[in-house]
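Visitor: This is upload.cif (mmCIF, C-alpha atoms, pLDDT in the B column; chains and numbers go by the auth columns).
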data_start
#
loop_
_atom_site.group_PDB
_atom_site.id
_atom_site.type_symbol
_atom_site.label_atom_id
_atom_site.label_comp_id
_atom_site.label_asym_id
_atom_site.label_seq_id
_atom_site.Cartn_x
_atom_site.Cartn_y
_atom_site.Cartn_z
_atom_site.B_iso_or_equiv
_atom_site.auth_seq_id
_atom_site.auth_asym_id
ATOM 1 C CA MET A 1 -3.790 10.319 21.306 46.00 26 A
ATOM 2 C CA SER A 2 -7.091 8.698 22.258 47.00 27 A
ATOM 3 C CA LYS A 3 -7.165 5.226 23.787 49.00 28 A
ATOM 4 C CA ALA A 4 -8.796 3.783 20.630 45.00 29 A
ATOM 5 C CA ALA A 5 -6.266 5.499 18.356 44.00 30 A
ATOM 6 C CA SER A 6 -3.306 4.304 20.425 42.00 31 A
ATOM 7 C CA HIS A 7 -4.711 0.732 20.400 43.00 32 A
ATOM 8 C CA THR A 8 -5.053 0.852 16.599 44.00 33 A
ATOM 9 C CA PHE A 9 -1.513 2.230 16.256 45.00 34 A
ATOM 10 C CA ALA A 10 -0.184 -0.427 18.636 46.00 35 A
ATOM 11 C CA SER A 11 -1.954 -3.172 16.657 49.00 36 A
ATOM 12 C CA LEU A 12 -0.541 -1.865 13.384 53.00 37 A
ATOM 13 C CA THR A 13 3.008 -1.555 14.658 56.00 38 A
ATOM 14 C CA CYS A 14 2.865 -4.952 16.369 61.00 39 A
ATOM 15 C CA GLY A 15 1.576 -6.517 13.153 70.00 40 A
ATOM 16 C CA ILE A 16 4.254 -4.886 10.990 74.00 41 A
ATOM 17 C CA ASP A 17 6.961 -5.629 13.571 77.00 42 A
ATOM 18 C CA ARG A 18 5.819 -9.268 13.801 79.00 43 A
ATOM 19 C CA ALA A 19 5.785 -9.483 10.001 80.00 44 A
ATOM 20 C CA ALA A 20 9.321 -8.097 9.811 77.00 45 A
ATOM 21 C CA LYS A 21 10.665 -10.424 12.514 79.00 46 A
ATOM 22 C CA ASN A 22 8.949 -13.522 11.111 79.00 47 A
ATOM 23 C CA ASP A 23 9.260 -12.813 7.379 81.00 48 A
ATOM 24 C CA ILE A 24 5.487 -12.630 6.920 86.00 49 A
ATOM 25 C CA PRO A 25 4.441 -11.346 3.479 89.00 50 A
ATOM 26 C CA THR A 26 2.869 -7.900 3.786 93.00 51 A
ATOM 27 C CA THR A 27 0.789 -5.898 1.336 95.00 52 A
ATOM 28 C CA ILE A 28 0.156 -2.213 1.980 97.00 53 A
ATOM 29 C CA VAL A 29 -2.713 -0.709 -0.024 98.00 54 A
ATOM 30 C CA VAL A 30 -2.771 3.079 -0.176 98.00 55 A
ATOM 31 C CA PHE A 31 -6.235 4.349 -1.099 98.00 56 A
ATOM 32 C CA GLY A 32 -6.157 7.822 -2.619 98.00 57 A
ATOM 33 C CA ALA A 33 -2.746 7.108 -4.115 98.00 58 A
ATOM 34 C CA SER A 34 -3.022 9.842 -6.741 97.00 59 A
ATOM 35 C CA GLY A 35 -3.785 12.612 -4.239 96.00 60 A
ATOM 36 C CA ASP A 36 -1.683 15.224 -2.500 96.00 61 A
ATOM 37 C CA LEU A 37 -1.570 13.497 0.896 97.00 62 A
ATOM 38 C CA ALA A 38 -0.234 10.307 -0.662 97.00 63 A
ATOM 39 C CA LYS A 39 2.406 11.951 -2.835 96.00 64 A
ATOM 40 C CA LYS A 40 3.549 14.522 -0.261 97.00 65 A
ATOM 41 C CA LYS A 41 3.434 12.429 2.914 97.00 66 A
ATOM 42 C CA THR A 42 2.433 8.771 2.578 97.00 67 A
ATOM 43 C CA PHE A 43 4.818 7.590 -0.144 98.00 68 A
ATOM 44 C CA PRO A 44 7.820 9.550 1.176 98.00 69 A
ATOM 45 C CA ALA A 45 7.143 8.010 4.615 97.00 70 A
ATOM 46 C CA LEU A 46 6.848 4.494 3.171 97.00 71 A
ATOM 47 C CA PHE A 47 10.059 5.055 1.214 98.00 72 A
ATOM 48 C CA HIS A 48 11.838 6.230 4.358 96.00 73 A
ATOM 49 C CA LEU A 49 10.736 3.055 6.180 95.00 74 A
ATOM 50 C CA PHE A 50 11.862 0.964 3.200 96.00 75 A
ATOM 51 C CA GLU A 51 15.194 2.798 3.004 96.00 76 A
ATOM 52 C CA GLN A 52 15.826 2.173 6.713 94.00 77 A
ATOM 53 C CA ASN A 53 14.870 -1.532 6.373 93.00 78 A
ATOM 54 C CA LEU A 54 11.943 -1.004 8.750 91.00 79 A
ATOM 55 C CA LEU A 55 9.351 -2.693 6.531 93.00 80 A
ATOM 56 C CA PRO A 56 9.071 -6.471 6.305 92.00 81 A
ATOM 57 C CA LYS A 57 11.388 -7.868 3.620 91.00 82 A
ATOM 58 C CA ARG A 58 8.468 -9.235 1.590 91.00 83 A
ATOM 59 C CA THR A 59 6.419 -6.044 1.416 95.00 84 A
ATOM 60 C CA ARG A 60 4.366 -4.989 -1.602 96.00 85 A
ATOM 61 C CA VAL A 61 2.776 -1.549 -1.931 98.00 86 A
ATOM 62 C CA ILE A 62 -0.317 -1.063 -4.063 98.00 87 A
ATOM 63 C CA GLY A 63 -1.585 2.401 -4.846 98.00 88 A
ATOM 64 C CA TYR A 64 -5.325 2.560 -5.513 98.00 89 A
ATOM 65 C CA ALA A 65 -7.161 5.618 -6.829 98.00 90 A
ATOM 66 C CA ARG A 66 -9.804 6.714 -9.300 97.00 91 A
ATOM 67 C CA THR A 67 -7.226 8.312 -11.607 97.00 92 A
ATOM 68 C CA HIS A 68 -6.414 6.257 -14.697 97.00 93 A
ATOM 69 C CA MET A 69 -2.635 6.161 -15.125 97.00 94 A
ATOM 70 C CA SER A 70 0.119 3.731 -15.983 97.00 95 A
ATOM 71 C CA VAL A 71 2.394 2.202 -13.371 96.00 96 A
ATOM 72 C CA GLU A 72 5.178 4.442 -14.703 97.00 97 A
ATOM 73 C CA GLU A 73 3.043 7.563 -14.199 98.00 98 A
ATOM 74 C CA PHE A 74 2.189 6.337 -10.716 98.00 99 A
ATOM 75 C CA HIS A 75 5.866 5.808 -9.910 98.00 100 A
ATOM 76 C CA LYS A 76 6.690 9.316 -11.096 97.00 101 A
ATOM 77 C CA ARG A 77 3.911 10.801 -8.957 97.00 102 A
ATOM 78 C CA ALA A 78 4.759 8.683 -5.904 97.00 103 A
ATOM 79 C CA THR A 79 8.428 9.742 -5.968 98.00 104 A
ATOM 80 C CA SER A 80 7.809 13.417 -6.772 97.00 105 A
ATOM 81 C CA HIS A 81 8.325 14.495 -3.145 97.00 106 A
ATOM 82 C CA PHE A 82 11.201 12.196 -2.205 97.00 107 A
ATOM 83 C CA ASN A 83 14.310 13.854 -0.843 94.00 108 A
ATOM 84 C CA ALA A 84 16.527 14.984 -3.725 93.00 109 A
ATOM 85 C CA GLN A 85 19.489 13.212 -2.087 95.00 110 A
ATOM 86 C CA ALA A 86 17.692 9.855 -1.981 96.00 111 A
ATOM 87 C CA ASP A 87 19.849 7.035 -3.324 97.00 112 A
ATOM 88 C CA LYS A 88 18.549 6.344 -6.861 97.00 113 A
ATOM 89 C CA GLY A 89 19.292 2.631 -6.505 98.00 114 A
ATOM 90 C CA VAL A 90 17.183 2.385 -3.353 98.00 115 A
ATOM 91 C CA VAL A 91 14.400 4.370 -5.039 98.00 116 A
ATOM 92 C CA GLU A 92 14.440 1.862 -7.919 98.00 117 A
ATOM 93 C CA LYS A 93 14.259 -1.068 -5.489 98.00 118 A
ATOM 94 C CA PHE A 94 11.316 0.602 -3.734 98.00 119 A
ATOM 95 C CA LEU A 95 9.517 1.125 -7.031 98.00 120 A
ATOM 96 C CA GLN A 96 9.959 -2.562 -7.847 97.00 121 A
ATOM 97 C CA VAL A 97 7.598 -3.378 -4.971 97.00 122 A
ATOM 98 C CA CYS A 98 5.048 -0.692 -5.927 98.00 123 A
ATOM 99 C CA GLU A 99 2.046 -1.340 -8.175 97.00 124 A
ATOM 100 C CA TYR A 100 -1.002 0.686 -9.134 98.00 125 A
ATOM 101 C CA VAL A 101 -4.668 -0.216 -9.533 98.00 126 A
ATOM 102 C CA SER A 102 -7.285 2.232 -10.746 98.00 127 A
ATOM 103 C CA GLY A 103 -10.841 1.948 -9.481 98.00 128 A
ATOM 104 C CA LYS A 104 -13.756 3.743 -7.941 97.00 129 A
ATOM 105 C CA TYR A 105 -14.437 3.767 -4.235 97.00 130 A
ATOM 106 C CA ASP A 106 -18.053 2.655 -4.508 96.00 131 A
ATOM 107 C CA VAL A 107 -17.901 -0.083 -7.169 97.00 132 A
ATOM 108 C CA ASP A 108 -17.695 -3.663 -5.944 96.00 133 A
ATOM 109 C CA GLU A 109 -16.169 -4.916 -9.204 97.00 134 A
ATOM 110 C CA ASP A 110 -13.238 -2.509 -8.801 98.00 135 A
ATOM 111 C CA PHE A 111 -12.528 -3.888 -5.320 98.00 136 A
ATOM 112 C CA ALA A 112 -12.734 -7.428 -6.707 97.00 137 A
ATOM 113 C CA ASN A 113 -10.114 -6.325 -9.259 97.00 138 A
ATOM 114 C CA LEU A 114 -7.931 -4.986 -6.417 98.00 139 A
ATOM 115 C CA ARG A 115 -8.328 -8.297 -4.576 97.00 140 A
ATOM 116 C CA SER A 116 -7.299 -10.153 -7.757 96.00 141 A
ATOM 117 C CA GLU A 117 -4.188 -7.965 -8.039 96.00 142 A
ATOM 118 C CA ILE A 118 -3.251 -8.674 -4.416 95.00 143 A
ATOM 119 C CA ASP A 119 -3.749 -12.414 -5.042 92.00 144 A
ATOM 120 C CA ARG A 120 -1.700 -12.250 -8.271 93.00 145 A
ATOM 121 C CA LEU A 121 1.204 -10.483 -6.555 92.00 146 A
ATOM 122 C CA GLU A 122 1.155 -12.932 -3.664 89.00 147 A
ATOM 123 C CA LYS A 123 1.057 -15.867 -6.062 88.00 148 A
ATOM 124 C CA GLU A 124 4.026 -14.344 -7.947 87.00 149 A
ATOM 125 C CA GLU A 125 5.910 -14.416 -4.655 80.00 150 A
ATOM 126 C CA SER A 126 4.871 -18.078 -4.173 76.00 151 A
ATOM 127 C CA ILE A 127 2.659 -17.164 -1.239 71.00 152 A
ATOM 128 C CA ASP A 128 -0.054 -19.751 -0.720 69.00 153 A
ATOM 129 C CA SER A 129 -3.457 -18.377 0.271 69.00 154 A
ATOM 130 C CA SER A 130 -3.360 -20.628 3.341 68.00 155 A
ATOM 131 C CA CYS A 131 -0.122 -18.980 4.544 79.00 156 A
ATOM 132 C CA GLU A 132 -0.160 -16.163 7.044 85.00 157 A
ATOM 133 C CA ARG A 133 0.053 -12.751 5.435 87.00 158 A
ATOM 134 C CA ILE A 134 -0.669 -9.209 6.485 90.00 159 A
ATOM 135 C CA HIS A 135 -2.697 -6.622 4.579 93.00 160 A
ATOM 136 C CA VAL A 136 -2.554 -2.986 5.674 94.00 161 A
ATOM 137 C CA TYR A 137 -5.108 -0.548 4.243 96.00 162 A
ATOM 138 C CA TYR A 138 -4.233 3.146 4.464 97.00 163 A
ATOM 139 C CA MET A 139 -6.906 5.674 3.540 97.00 164 A
ATOM 140 C CA ALA A 140 -5.461 8.917 2.204 97.00 165 A
ATOM 141 C CA LEU A 141 -9.054 9.858 1.408 96.00 166 A
ATOM 142 C CA PRO A 142 -11.762 12.300 2.406 95.00 167 A
ATOM 143 C CA PRO A 143 -13.811 10.959 5.341 95.00 168 A
ATOM 144 C CA SER A 144 -16.919 10.955 3.154 95.00 169 A
ATOM 145 C CA VAL A 145 -15.728 7.769 1.390 96.00 170 A
ATOM 146 C CA PHE A 146 -14.290 5.883 4.402 95.00 171 A
ATOM 147 C CA VAL A 147 -17.424 3.816 4.983 96.00 172 A
ATOM 148 C CA ASP A 148 -17.768 2.804 1.320 96.00 173 A
ATOM 149 C CA VAL A 149 -14.115 1.802 1.135 97.00 174 A
ATOM 150 C CA ALA A 150 -14.168 -0.119 4.422 96.00 175 A
ATOM 151 C CA THR A 151 -17.358 -1.933 3.370 97.00 176 A
ATOM 152 C CA HIS A 152 -15.823 -2.990 0.054 97.00 177 A
ATOM 153 C CA ILE A 153 -12.550 -4.074 1.713 96.00 178 A
ATOM 154 C CA LYS A 154 -14.507 -6.296 4.085 95.00 179 A
ATOM 155 C CA LYS A 155 -16.640 -7.730 1.285 94.00 180 A
ATOM 156 C CA ASN A 156 -13.693 -8.514 -0.971 90.00 181 A
#
Would you encode the structure as structure tokens?
Guide:
Amino acid sequence: MSKAASHTFASLTCGIDRAAKNDIPTTIVVFGASGDLAKKKTFPALFHLFEQNLLPKRTRVIGYARTHMSVEEFHKRATSHFNAQADKGVVEKFLQVCEYVSGKYDVDEDFANLRSEIDRLEKEESIDSSCERIHVYYMALPPSVFVDVATHIKKN
């Protein structure tokens, strides 16, 4: 692992660990949520962390992709590669913290909509915008859209 990659990983794990220890609200946004990487690797990994109580207690997961689908369709897709022996009750609890937002990767208005959804979910949890909170952005995307996505995240 390169020095820059290990620093990024260390920052991420320290942030998530700090959030878990200090009950800091955390939102994980998975870009490319309708794709193969997300359904085969990312969501099963997030579920495993959830199942093992390794995510902060107040974690929300938002899938974001260009595909138009309902939250129910998203849930079905996100769980399609979970272990068959996974406890159904734990899967249901995981799905209760998972939402879906459809949008393009190069449209500012769609990122403003994502930001509004994050704000709405945090408000639902009685999280004041002045409170500390952590947002993690995971890009299960082709590298050709990384810059557009990062630019829109920063802007919104």
Visitor: Which residues, written as a list in words, have at least one atom at most 12 Å from Leu146 in chain A, with all atoms listed in the file counted and residues fewer than 3 positions away on the same chain left out?
Guide: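 Skipping anything fewer than 3 positions along the chain leaves Pro50, Thr51, Thr52, Ile53, Arg83, Thr84, Arg85, Val86, Ile87, Gln121, Val122, Cys123, Glu124, Tyr125, Leu139, Arg140, Ser141, Glu142, Ile143, Glu149, Glu150, Ser151, Ile152, Asp153 and Ser154 of chain A.
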Visitor: Counting all atoms listed in the file, which of A:Ile178, A:Ala90, A:Leu74, A:Leu62 gets nearest to Val116 in chain A?
Guide: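 Looking at the shortest contact to Val116 in chain A, the residue is A:Leu74.
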Visitor: From the list A:Phe119, A:Phe136, A:Tyr130, A:Tyr163, which residue is nearest Asn181 in chain A when using all atoms listed in the file?
Guide: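 When distances to Asn181 in chain A are compared using all atoms listed in the file, the smallest one comes from A:Phe136.
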Visitor: Between CA of Asp133 in chain A and CA of Val54 in chain A, what is the distance, to one decimal in Å?
Guide: 16.4 Å
Visitor: What residues come out when you apply the PyMOL selection byres ((chain A and resi 67) around 9) to this file, written as a VMD selection string?
Guide: chain A and resid 55 58 62 to 66 68 to 72 103 163 165
Visitor: To one decimal place, how far is CA of Phe99 in chain A from CA of Ser127 in chain A in Å?
Guide: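 Going from CA of Phe99 in chain A over to CA of Ser127 in chain A, I get 10.3 Å.
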Visitor: Could you work out how far CA of Glu76 in chain A lies from CA of Gly114 in chain A, giving the answer in Å with one decimal?
Guide: 10.4 Å
Visitor: Calculated over only C-alpha atoms, which of the candidates A:Ala109, A:Met94, A:Met164, A:Val132 has the smallest distance to His177 in chain A?
Guide: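 Answer, going by the shortest atom-to-atom distance: A:Val132.
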Visitor: Find the residue from A:Asp131, A:Glu157, A:Asp42, A:Asp144 that sits nearest to Val174 in chain A; use only C-alpha atoms when measuring.
Guide: A:Asp131
Visitor: With distances taken over all atoms listed in the file, which residue among A:Arg158, A:Phe75, A:Ala137, A:Thr92 lies nearest Glu117 in chain A?
Guide: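 Counting all atoms listed in the file, the residue closest to Glu117 in chain A is A:Phe75.
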Visitor: Could you check which of A:Leu120, A:Lys179, A:Lys129, A:Asp173 is closest to Lys101 in chain A, using only C-alpha atoms?
Guide: A:Leu120
Visitor: When you get a chance, write out N, CA, C and O atoms for range 37-51 of chain A, as a compact mmCIF listing (two decimals), in the coordinates of the input.
Guide:
# COMPACT_ATOMS: atom_id res chain seq x y z
N LEU A 37 -1.22 -1.99 14.67
CA LEU A 37 -0.54 -1.86 13.38
C LEU A 37 0.95 -2.09 13.54
O LEU A 37 1.54 -2.88 12.82
N THR A 38 1.57 -1.42 14.52
CA THR A 38 3.01 -1.56 14.66
C THR A 38 3.38 -2.96 15.10
O THR A 38 4.38 -3.50 14.65
N CYS A 39 2.58 -3.57 15.97
CA CYS A 39 2.86 -4.95 16.37
C CYS A 39 2.76 -5.89 15.17
O CYS A 39 3.58 -6.77 15.01
N GLY A 40 1.74 -5.68 14.33
CA GLY A 40 1.58 -6.52 13.15
C GLY A 40 2.73 -6.36 12.18
O GLY A 40 3.28 -7.35 11.69
N ILE A 41 3.13 -5.13 11.90
CA ILE A 41 4.25 -4.89 10.99
C ILE A 41 5.55 -5.39 11.60
O ILE A 41 6.36 -6.02 10.93
N ASP A 42 5.75 -5.14 12.90
CA ASP A 42 6.96 -5.63 13.57
C ASP A 42 7.02 -7.16 13.54
O ASP A 42 8.06 -7.75 13.26
N ARG A 43 5.88 -7.80 13.83
CA ARG A 43 5.82 -9.27 13.80
C ARG A 43 6.10 -9.78 12.40
O ARG A 43 6.81 -10.76 12.21
N ALA A 44 5.55 -9.09 11.39
CA ALA A 44 5.78 -9.48 10.00
C ALA A 44 7.27 -9.37 9.66
O ALA A 44 7.83 -10.25 9.00
N ALA A 45 7.90 -8.29 10.11
CA ALA A 45 9.32 -8.10 9.81
C ALA A 45 10.18 -9.16 10.50
O ALA A 45 11.09 -9.71 9.89
N LYS A 46 9.87 -9.45 11.75
CA LYS A 46 10.66 -10.42 12.51
C LYS A 46 10.47 -11.85 12.01
O LYS A 46 11.37 -12.67 12.09
N ASN A 47 9.27 -12.15 11.51
CA ASN A 47 8.95 -13.52 11.11
C ASN A 47 8.82 -13.71 9.61
O ASN A 47 8.30 -14.72 9.16
N ASP A 48 9.28 -12.74 8.84
CA ASP A 48 9.26 -12.81 7.38
C ASP A 48 7.86 -13.14 6.84
O ASP A 48 7.69 -14.02 6.00
N ILE A 49 6.87 -12.43 7.36
CA ILE A 49 5.49 -12.63 6.92
C ILE A 49 5.22 -11.69 5.75
O ILE A 49 5.47 -10.48 5.85
N PRO A 50 4.75 -12.20 4.63
CA PRO A 50 4.44 -11.35 3.48
C PRO A 50 3.43 -10.26 3.85
O PRO A 50 2.43 -10.54 4.52
N THR A 51 3.69 -9.05 3.42
CA THR A 51 2.87 -7.90 3.79
C THR A 51 2.51 -7.10 2.54
O THR A 51 3.38 -6.80 1.72
